[in-house]
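So the structure is just underneath, and the comments pick up after that.
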Amino acid sequence: MSAPRFDRATGPLRGDYVPPPDKSISHRAALFAAMADEPVTVRNYLASLDTRSTLDALLKLGAAVEDDGPGGILIRGVGLHAPLEATGGLLDVGNSGTLMRLLPGWLAGQPGGSWTIDGDESIRRRPVDRIAEPLAAMGAEVAAREGRFPPFTVRGGKLTGITYEMPVPSAQVKSCVLIAGMFAEGSTTVVEASQSRDHTERLLRRARVPFERDGRRSTVAQVDELELEEIVVPADASSAAFIVAAATLVPGSRVVVNDVGLNWTRTGFFRIAERMGAVILGDLEEPGTDTDAEPVGELDVASSKLEGTVVEPEEVPLAIDELTLVALLGAFADGETVVRGAEELRFKESNRIAAVVEGLRGLGAEIEETDDGFVVRGDGSPLRGGTIDSRGDHRLAMLGAVAGLASKEGVEVLDMKAAEVSYPGFELDLAALLG
Ligand code: S3P
């Protein structure tokens, strides 16, 4: 099959649009439902490769998953204590880093249980020492290949609460430790240097788990059961970001994004883009909001001229999956765009610093890699275009498509199929807006 091409001849993006369900919240909703005693309905669960891997793993651990109307699933969980007859199995996380790092939080709290976790080629390059360390300190055992990579085995234990100062900003690590904290004697505190997405914390509260936040410290206490009502997954702000970027860059565009999650720990990209001159009207949640709800709303986006900006380290976790899009906006903006404190991008589905720098340079951008991010220089005119390889990374595939729509000569995307990991309908949604 030939690689798809995206070019400006297709014209502006116009119309109303609902992004796919949130990937981060879908993973967490399914996992929490599986740990509950009573069945839980999850509405608007994301149907993608990553979130399918989560359901498959939960089935292996003894949960049941049934259809519950359009977009809904009913999960019959096993309670906090997974049946030990399910022990010894191999759990395949596919391409999902979130599943790989959250699930061990649950497994660690099952004394006598032992599970091996593995995934695809990209997962095997992603570090797990970041969860192995705190889980071992709590009383579980995690044995990983070369001490750091999948496949790895989690042996559950009788856990004790710890205070864990996170050496890297990561919502996945924070979530893993907080989940393990539900099984640990005493209380468990995670301290983060800068705030990362807080979906796990919001769900803990919704599940009536004793949970407190004090600035950057989150504390959870041991519980016997989760009490969860129906979970409704909002549309994904990270998936929406690709369409928002396209509507910003392609002249004459106007797109209204509906039902999108506006949790402030996920909307860093929209704030950065606005600072660059993007026109994005909507009720973004107030930074610092500490609640159990997941706010949803509308974003009204129109194309506009952009200027360079500087993204500081504290902003990085709030826009972690969209930083490659900041690079793309920077390539079309007037002046210099700098992203600092983003070394974590090297450990994503691909080394996203190297991939975005090489990828955008190949399309004509003036962009350089730094130790902890990149610098892009633009003069306000569109990129030339060319060919970009997604390297099997879903977010780079979609970035290539957006670059193409706004470029002078169009962009051919190699391995566009990678987008299915988080956003299977991406090309169809684009086509509808390009109408
Ligand atoms: C995620 C956290 C982030 C993000 C990933 C999803 C999550 O990873 O990049 O796509 O759902 O918790 P890190 O925790 O490694 O920063």
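In the structure tokens, chains take the letters A, B, ... in the order shown, each chain's residues start at 1, and ligands count up from 1 in the order shown.
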Find the residues near ligand 1. Use a cut-off of 8 Å, count only C-alpha atoms and all ligand atoms, and write them as a list in words. Lys23, Ser24, Ile25, His27, Arg28, Gly97, Thr98, Pro169, Ser170, Ala171, Gln172, Val173, Lys174, Ser175, Ser196, Arg197, His199, Pro317, Ile320, Asp321, Glu344, Leu345, Phe347 and Lys348 of chain A
Could you take the residues named above and write them with C-alpha atoms, as a JSON list (two decimals), in the first residue's frame?
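Result file follows (result18.json):
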[["chain", "number", "residue", "atom", "x", "y", "z"],
["A", 23, "LYS", "CA", -6.73, 7.27, 26.31],
["A", 24, "SER", "CA", -5.27, 8.02, 29.76],
["A", 25, "ILE", "CA", -8.69, 8.06, 31.42],
["A", 27, "HIS", "CA", -6.89, 2.91, 30.84],
["A", 28, "ARG", "CA", -7.51, 4.10, 34.39],
["A", 97, "GLY", "CA", 3.50, 2.42, 28.42],
["A", 98, "THR", "CA", 0.63, 3.49, 30.65],
["A", 169, "PRO", "CA", 8.16, 13.89, 36.48],
["A", 170, "SER", "CA", 5.79, 11.09, 35.44],
["A", 171, "ALA", "CA", 2.06, 10.61, 35.89],
["A", 172, "GLN", "CA", 2.54, 6.91, 35.19],
["A", 173, "VAL", "CA", 5.00, 6.43, 38.05],
["A", 174, "LYS", "CA", 2.89, 8.59, 40.38],
["A", 175, "SER", "CA", -0.18, 6.51, 39.51],
["A", 196, "SER", "CA", 1.58, 16.00, 36.04],
["A", 197, "ARG", "CA", -1.82, 14.75, 34.90],
["A", 199, "HIS", "CA", -6.63, 11.49, 36.47],
["A", 317, "PRO", "CA", 4.35, 17.61, 32.16],
["A", 320, "ILE", "CA", 4.11, 16.20, 27.51],
["A", 321, "ASP", "CA", 2.39, 14.40, 24.63],
["A", 344, "GLU", "CA", 11.58, 12.64, 29.22],
["A", 345, "LEU", "CA", 10.55, 12.84, 25.55],
["A", 347, "PHE", "CA", 11.67, 7.67, 26.58],
["A", 348, "LYS", "CA", 8.32, 7.77, 24.77]]
With a distance cut-off of 8 Å and only C-alpha atoms, select the neighbouring residues of Arg148 of chain A, excluding the residue or stretch itself and same-chain residues fewer than 2 positions from it, and output the selection as a CSV table (one decimal) with N, CA, C and O atoms, in the first residue's frame.
chain,number,residue,atom,x,y,z
A,127,PRO,N,12.0,2.2,29.9
A,127,PRO,CA,12.4,1.8,31.2
A,127,PRO,C,11.3,1.5,32.2
A,127,PRO,O,10.3,2.2,32.2
A,128,VAL,N,11.6,0.5,33.0
A,128,VAL,CA,10.6,0.2,34.1
A,128,VAL,C,11.3,0.3,35.5
A,128,VAL,O,10.6,0.1,36.5
A,129,ASP,N,12.6,0.6,35.5
A,129,ASP,CA,13.2,0.8,36.8
A,129,ASP,C,12.6,1.9,37.6
A,129,ASP,O,12.5,1.9,38.9
A,144,ALA,N,13.6,-7.1,36.2
A,144,ALA,CA,13.5,-6.7,34.8
A,144,ALA,C,14.8,-7.1,34.0
A,144,ALA,O,15.8,-7.2,34.6
A,145,ARG,N,14.6,-7.2,32.7
A,145,ARG,CA,15.7,-7.5,31.9
A,145,ARG,C,16.8,-6.3,32.0
A,145,ARG,O,16.4,-5.2,31.9
A,146,GLU,N,18.0,-6.7,32.2
A,146,GLU,CA,19.1,-5.7,32.4
A,146,GLU,C,18.7,-4.7,33.6
A,146,GLU,O,19.2,-3.6,33.6
A,150,PRO,N,11.5,-4.3,29.9
A,150,PRO,CA,10.7,-5.4,29.7
A,150,PRO,C,11.4,-6.5,28.9
A,150,PRO,O,12.2,-6.1,28.1
Quick one: of A:Gly77, A:Pro287, A:Pro295, A:Gly330, who's nearest to Leu318 of chain A, counting only C-alpha atoms? A:Pro287
Counting only C-alpha atoms, give me one row per residue of segment 27-64 of chain A with an atom at most 12 Å from an atom of segment 229-252 of chain A, showing the shortest contact pair and its distance in Å to one decimal, sorted by chain then residue number, as a tab-separated table.
residue	atom	partner	partner_atom	distance
A:His27	CA	A:Val233	CA	10.1
A:Arg28	CA	A:Val233	CA	10.0
A:Ala29	CA	A:Ile231	CA	6.8
A:Ala30	CA	A:Ile231	CA	9.3
A:Leu31	CA	A:Ile231	CA	11.7
A:Phe32	CA	A:Ile231	CA	10.0
A:Ala33	CA	A:Ile231	CA	8.9
A:Ala36	CA	A:Glu229	CA	9.9
A:Asp37	CA	A:Glu229	CA	11.4
A:Glu38	CA	A:Glu229	CA	9.1
A:Pro39	CA	A:Glu229	CA	8.8
A:Val40	CA	A:Glu230	CA	5.7
A:Thr41	CA	A:Glu230	CA	4.9
A:Val42	CA	A:Ile231	CA	4.8
A:Arg43	CA	A:Val232	CA	4.7
A:Asn44	CA	A:Val233	CA	5.4
A:Tyr45	CA	A:Val233	CA	6.3
A:Leu46	CA	A:Val233	CA	8.2
A:Ala47	CA	A:Val233	CA	11.8
Option closest in space to Ser122 of chain A, from A:Val93, A:Val339, A:Leu360, A:Val375 [counting only C-alpha atoms]: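 The shortest atom-to-atom distance to Ser122 of chain A comes from A:Val93.
In this model, the gap between atom CA of Tyr164 of chain A and atom CA of Ala143 of chain A comes to 19.9 Å.
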Just list the residues in segment 44-143 of chain A DSSP gives strand (DSSP E or B) on the backbone, as a list in words. Ala64, Val65, Glu66, Asp67, Ile73, Leu74, Ile75, Arg76, Leu90, Leu91, Asp92, Ser114, Trp115, Thr116, Ile117, Asp118, Glu141, Val142 and Ala143 of chain A
From the list A:Glu358, A:Ala193, A:Leu363, A:Glu201, the nearest residue to Glu315 of chain A using only C-alpha atoms is A:Ala193
With distances taken over only C-alpha atoms, which of A:Val18, A:Ala184, A:Val142, A:Ala293 is nearest to Val260 of chain A?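 Once distances to Val260 of chain A are computed over only C-alpha atoms, the minimum belongs to A:Val18.
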Find the residue from A:Ala3, A:Ala82, A:Ile179, A:Leu284 that sits nearest to Ser390 of chain A; use only C-alpha atoms when measuring. A:Ala3
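In this model, the gap between atom CA of Glu307 of chain A and atom CA of Ile272 of chain A comes to 10.8 Å.
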A:Val223, A:Ala132, A:Ala302, A:Ala319 ranked by distance to Asn263 of chain A, top pick (using only C-alpha atoms):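 Smallest separation from Asn263 of chain A among the options: A:Ala319.
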For a test of reading the model, state the distance in Å between atom CA of Glu294 of chain A and atom CA of Arg205 of chain A, rounded to one decimal.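 Atom-to-atom, atom CA of Glu294 of chain A to atom CA of Arg205 of chain A, that is 11.8 Å.
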